[in-house]
Structures are given as structure tokens and as C-alpha cells.
Amino acid sequence: MGNSRIDKGRPCRICSSSDRQAIELALVTNTAVSSISNRFGLSVSGVNRHVKAHMAPELRETFRASQRLNARDLIARVAEIANDALSTRKAALVAGQDVAALKAGDAELRALSVLTNRFGIDDLLVLDQLTEAQNLARAVGSLASTHPDAVRTLAAALELNGATEMATALSAVLKNERKEGS
Ligand SMILES: [Zn+2]
């Protein structure tokens with residue numbers, strides 16, 4: 001009895017937020033929980049609690065799948081290491097520090113080989129495309145409450161094009177929105 005009172009007693013800031021759709025869509029589209037918490041001013045534990053306890057089951061499934069495949073942040077960090085090493089190498093060369101330059105070059109090569117061998121990436125434009133996809137998903141998420149018909153049409157079009165996972169996530173966001181409204 002005491003436990004259930006504690007669970008119900010804490011109000012969820014996401015459930016009552018007007019950004020709920022945008023937050024949930026960010027959650028199912030590979031956005032790191034930490035960056036969602038930063039952007040919307042929420043605690044990481046609060047976001048995780050909402051996912052676990054309040055998010056629609058189909059959205060939660062999509063979120064977990066996206067967490068498993070959250071390669072974007074990993075790729076970005078490895079690319080950053082490669083770029084840092086490049087800057088260090090150039091600076092060392094300018095300063096005539098040959099040993100430091102060689103070390104930086106070695107780190108750079110290792111990061112680049114992780115990108116190509118582990119992730120199969122030989123073109124960093126992929127990163128921009130992933131970021132654009134996230135921005136698009138965010139924009140669509142913010143439309144869910146104001147223009148549900150447009151989002152429904154988009155979900156149907158995605159389904160037709162074989163983007164089943166995204167279509168399911170959008171439909172789930174809409175279903176949730178209807179439930180909230182009624
Ligand atoms: Zn909640």
C-alpha cells in the first residue's frame with residue numbers, strides 16, 4: 001500500500017507537458033536521453049521513468065530498439081576524435097614537434113579505421129543526414145497535436161514506402177494524442 005502511494009504520488013512532468021509528443025518522438029528517433037533532458041529541462045531519471053511507466057507500449061518498444069541501434073552519437077564521437085587528432089597533428093607539425101605529430105596521426109588513423117571498419121562509413125555526410133532526419137522527426141512530432149491529419153497522411157505514406165517502423169511510431173504518437181484529448 002505504501003509503495004503504490006509513493007509511485008502515484010510523484011507527478012510526471014512529461015505526461016502533463018505540452019511537449020509530450022515532441023519528447024516521445026525524440027525518444028523513438030535515436031535522440032540520446034541526455035540531450036532530451038537538456039533540451040526540455042527534464043531530469044534523465046524523469047525521462048526514463050516516463051518511458052518505463054507511462055509511454056505507450058508500442059512506443060516503448062520502438063524506443064528500446066532505437067537505443068540498441070543508437071549508433072549516431074557513437075559515430076559522432078569517433079569522428080570528433082579523428083578531427084581532434086587531425087588538429088593536434090597539424091598544430092604539432094607547425095610547431096616542429098615531430099613525435100607529437102606522429103602520435104596524433106596514429107590516433108587519427110585509429111579513429112578513422114573504426115569509422116570505416118566498424119561502422120562502414122567512408123563519408124561523414126552520413127552524420128549530417130542523420131541529424132537532418134532527427135530534425136525532421138522533431139518537426140513532425142510537434143505537428144502531431146496541431147495537425148494530426150497531416151501526420152496521419154505522412155504515416156500512411158511512410159508505410160507505403162516500407163518505412164514501417166517510423167510509420168508505427170507516428171501512429172502510436174497520434175493514438176496517444178487522441179487518448180489524451182478524449
Ligand atoms: Zn509520464
# chains A, B, ... in the order shown; residues from 1 in each chain; ligands from 1

$ residues_around --residues "Met166 of chain A" --least-positions-apart "4" --cutoff "10 Å" --atoms "only C-alpha atoms" --output "PyMOL selection string"
chain A and resi 25+28-29+62+137+154-155+158-159+162+170-172

$ write_last_selection --atoms "N, CA and C atoms" --output "PDB file, in the first residue's frame"
ATOM      1  N   LEU A  25       8.558  11.585 -29.549  1.00  0.00           N
ATOM      2  CA  LEU A  25       9.089  11.343 -30.893  1.00  0.00           C
ATOM      3  C   LEU A  25      10.613  11.407 -30.886  1.00  0.00           C
ATOM      4  N   VAL A  28      11.899   8.112 -29.689  1.00  0.00           N
ATOM      5  CA  VAL A  28      11.851   6.961 -30.593  1.00  0.00           C
ATOM      6  C   VAL A  28      12.662   7.190 -31.868  1.00  0.00           C
ATOM      7  N   THR A  29      13.344   8.343 -31.946  1.00  0.00           N
ATOM      8  CA  THR A  29      14.113   8.599 -33.164  1.00  0.00           C
ATOM      9  C   THR A  29      15.592   8.815 -32.846  1.00  0.00           C
ATOM     10  N   THR A  62       9.688   0.722 -29.605  1.00  0.00           N
ATOM     11  CA  THR A  62      10.465   1.434 -30.624  1.00  0.00           C
ATOM     12  C   THR A  62      11.642   2.154 -29.984  1.00  0.00           C
ATOM     13  N   ALA A 137      12.079  14.558 -37.789  1.00  0.00           N
ATOM     14  CA  ALA A 137      11.223  13.807 -36.873  1.00  0.00           C
ATOM     15  C   ALA A 137      10.686  14.712 -35.774  1.00  0.00           C
ATOM     16  N   LEU A 154       1.117  11.327 -43.496  1.00  0.00           N
ATOM     17  CA  LEU A 154       2.544  11.036 -43.591  1.00  0.00           C
ATOM     18  C   LEU A 154       2.836   9.606 -43.141  1.00  0.00           C
ATOM     19  N   ALA A 155       2.183   9.175 -42.054  1.00  0.00           N
ATOM     20  CA  ALA A 155       2.383   7.809 -41.553  1.00  0.00           C
ATOM     21  C   ALA A 155       1.970   6.794 -42.615  1.00  0.00           C
ATOM     22  N   LEU A 158       4.591   6.728 -45.343  1.00  0.00           N
ATOM     23  CA  LEU A 158       5.798   6.022 -44.890  1.00  0.00           C
ATOM     24  C   LEU A 158       5.577   4.514 -44.937  1.00  0.00           C
ATOM     25  N   GLU A 159       4.395   4.097 -44.502  1.00  0.00           N
ATOM     26  CA  GLU A 159       4.037   2.673 -44.514  1.00  0.00           C
ATOM     27  C   GLU A 159       4.126   2.135 -45.946  1.00  0.00           C
ATOM     28  N   GLY A 162       7.516   1.437 -47.147  1.00  0.00           N
ATOM     29  CA  GLY A 162       8.254   0.401 -46.433  1.00  0.00           C
ATOM     30  C   GLY A 162       8.934   0.875 -45.165  1.00  0.00           C
ATOM     31  N   LEU A 170       4.818   6.945 -35.526  1.00  0.00           N
ATOM     32  CA  LEU A 170       3.938   8.102 -35.737  1.00  0.00           C
ATOM     33  C   LEU A 170       2.500   7.768 -35.348  1.00  0.00           C
ATOM     34  N   SER A 171       2.026   6.605 -35.784  1.00  0.00           N
ATOM     35  CA  SER A 171       0.657   6.209 -35.458  1.00  0.00           C
ATOM     36  C   SER A 171       0.478   6.114 -33.953  1.00  0.00           C
ATOM     37  N   ALA A 172       1.503   5.608 -33.282  1.00  0.00           N
ATOM     38  CA  ALA A 172       1.423   5.468 -31.828  1.00  0.00           C
ATOM     39  C   ALA A 172       1.356   6.837 -31.156  1.00  0.00           C
TER      40      ALA A 172
END

$ residues_near_ligand --ligand "ligand 1" --cutoff "12 Å" --atoms "only C-alpha atoms and all ligand atoms" --output "ChimeraX atom specification"
/A:7-8,10-21,23-24,42,45-56,176,180

$ write_last_selection --atoms "C-alpha atoms" --output "short mmCIF file (atom, residue, chain, number, x, y, z; two decimals), in the first residue's frame"
data_model
loop_
_atom_site.label_atom_id
_atom_site.label_comp_id
_atom_site.auth_asym_id
_atom_site.auth_seq_id
_atom_site.Cartn_x
_atom_site.Cartn_y
_atom_site.Cartn_z
CA ASP A 7 4.55 5.59 -7.16
CA LYS A 8 1.38 7.56 -7.78
CA ARG A 10 5.09 11.85 -7.94
CA PRO A 11 3.55 13.72 -10.85
CA CYS A 12 5.23 13.16 -14.22
CA ARG A 13 6.36 16.38 -15.88
CA ILE A 14 6.35 14.77 -19.33
CA CYS A 15 2.77 13.46 -19.10
CA SER A 16 1.50 16.94 -18.29
CA SER A 17 3.82 18.70 -20.73
CA SER A 18 2.62 20.28 -23.96
CA ASP A 19 5.91 18.98 -25.42
CA ARG A 20 4.96 15.37 -24.72
CA GLN A 21 4.59 14.41 -28.40
CA ILE A 23 9.63 14.42 -26.40
CA GLU A 24 8.26 10.98 -27.24
CA LEU A 42 13.98 17.42 -17.54
CA SER A 45 15.68 9.77 -14.36
CA GLY A 46 12.37 11.54 -15.02
CA VAL A 47 12.64 10.78 -18.73
CA ASN A 48 13.50 7.14 -18.02
CA ARG A 49 10.62 6.87 -15.55
CA HIS A 50 8.19 8.21 -18.16
CA VAL A 51 9.47 5.71 -20.73
CA LYS A 52 9.13 2.84 -18.28
CA ALA A 53 5.83 3.71 -16.66
CA HIS A 54 3.78 5.96 -18.95
CA MET A 55 4.79 5.64 -22.58
CA ALA A 56 2.53 3.59 -24.84
CA ASN A 176 -1.69 8.61 -27.64
CA GLU A 180 -5.13 12.37 -24.03
#

$ residues_around --residues "segment 120-130 of chain A" --least-positions-apart "6" --cutoff "12 Å" --atoms "only C-alpha atoms" --output "list in words"
Thr29, Asn30, Thr31, Asn70, Ala71, Arg72, Asp73, Leu74, Ile75, Ala76, Arg77, Val78, Ala79, Glu80, Ala82, Asn83, Ala111, Leu112, Ser113, Val114, Leu136 and Ala137 of chain A

$ atom_distance --atom1 "atom CA of Ala157 of chain A" --atom2 "atom CA of Phe40 of chain A"
29.6 Å

$ residues_around --residues "Lys90 of chain A" --least-positions-apart "5" --cutoff "10 Å" --atoms "only C-alpha atoms" --output "PyMOL selection string"
chain A and resi 84-85+95-97+100-101+104-105

$ write_last_selection --atoms "N, CA and C atoms" --output "PDB file, in the first residue's frame"
ATOM      1  N   ASP A  84      39.816  15.940 -33.820  1.00  0.00           N
ATOM      2  CA  ASP A  84      40.713  16.481 -32.787  1.00  0.00           C
ATOM      3  C   ASP A  84      42.157  16.072 -33.068  1.00  0.00           C
ATOM      4  N   ALA A  85      42.308  14.793 -33.408  1.00  0.00           N
ATOM      5  CA  ALA A  85      43.650  14.283 -33.685  1.00  0.00           C
ATOM      6  C   ALA A  85      44.254  14.986 -34.900  1.00  0.00           C
ATOM      7  N   ALA A  95      54.482  23.418 -35.136  1.00  0.00           N
ATOM      8  CA  ALA A  95      55.408  23.696 -34.042  1.00  0.00           C
ATOM      9  C   ALA A  95      56.702  22.904 -34.156  1.00  0.00           C
ATOM     10  N   GLY A  96      56.806  22.061 -35.180  1.00  0.00           N
ATOM     11  CA  GLY A  96      58.008  21.266 -35.371  1.00  0.00           C
ATOM     12  C   GLY A  96      58.149  20.124 -34.384  1.00  0.00           C
ATOM     13  N   GLN A  97      57.018  19.719 -33.773  1.00  0.00           N
ATOM     14  CA  GLN A  97      57.058  18.602 -32.805  1.00  0.00           C
ATOM     15  C   GLN A  97      56.724  17.300 -33.528  1.00  0.00           C
ATOM     16  N   ALA A 100      55.089  14.288 -31.473  1.00  0.00           N
ATOM     17  CA  ALA A 100      53.677  14.564 -31.156  1.00  0.00           C
ATOM     18  C   ALA A 100      52.821  14.429 -32.410  1.00  0.00           C
ATOM     19  N   ALA A 101      53.344  14.901 -33.535  1.00  0.00           N
ATOM     20  CA  ALA A 101      52.604  14.821 -34.792  1.00  0.00           C
ATOM     21  C   ALA A 101      52.362  13.363 -35.182  1.00  0.00           C
ATOM     22  N   ALA A 104      49.692  11.871 -32.870  1.00  0.00           N
ATOM     23  CA  ALA A 104      48.356  12.352 -33.231  1.00  0.00           C
ATOM     24  C   ALA A 104      47.886  11.679 -34.512  1.00  0.00           C
ATOM     25  N   GLY A 105      48.817  11.511 -35.452  1.00  0.00           N
ATOM     26  CA  GLY A 105      48.472  10.845 -36.704  1.00  0.00           C
ATOM     27  C   GLY A 105      48.034   9.414 -36.468  1.00  0.00           C
TER      28      GLY A 105
END

$ closest_residue --among "A:Ala169, A:Ala107, A:Leu143, A:Leu93" --to "Ser66 of chain A" --atoms "only C-alpha atoms"
A:Ala169

$ select_by_dssp --residues "chain A" --states "helix (DSSP H, G or I)" --output "PyMOL selection string"
chain A and resi 2-9+20-28+33-40+44-53+57-68+71-94+98-118+125-146+148-160+164-181

$ closest_residue --among "A:Ala22, A:Val99, A:Val94, A:Ile36" --to "Ser145 of chain A" --atoms "only C-alpha atoms"
A:Ala22

$ closest_residue --among "A:Ala133, A:Arg118, A:Arg39, A:Leu174" --to "Thr146 of chain A" --atoms "only C-alpha atoms"
A:Leu174

$ atom_distance --atom1 "atom CA of Ala26 of chain A" --atom2 "atom CA of Val173 of chain A"
11.1 Å

$ atom_distance --atom1 "atom CA of Ala32 of chain A" --atom2 "atom CA of Thr153 of chain A"
27.5 Å

$ closest_residue --among "A:Ala65, A:Val151, A:Ala139, A:Val33" --to "Lys175 of chain A" --atoms "only C-alpha atoms"
A:Val151
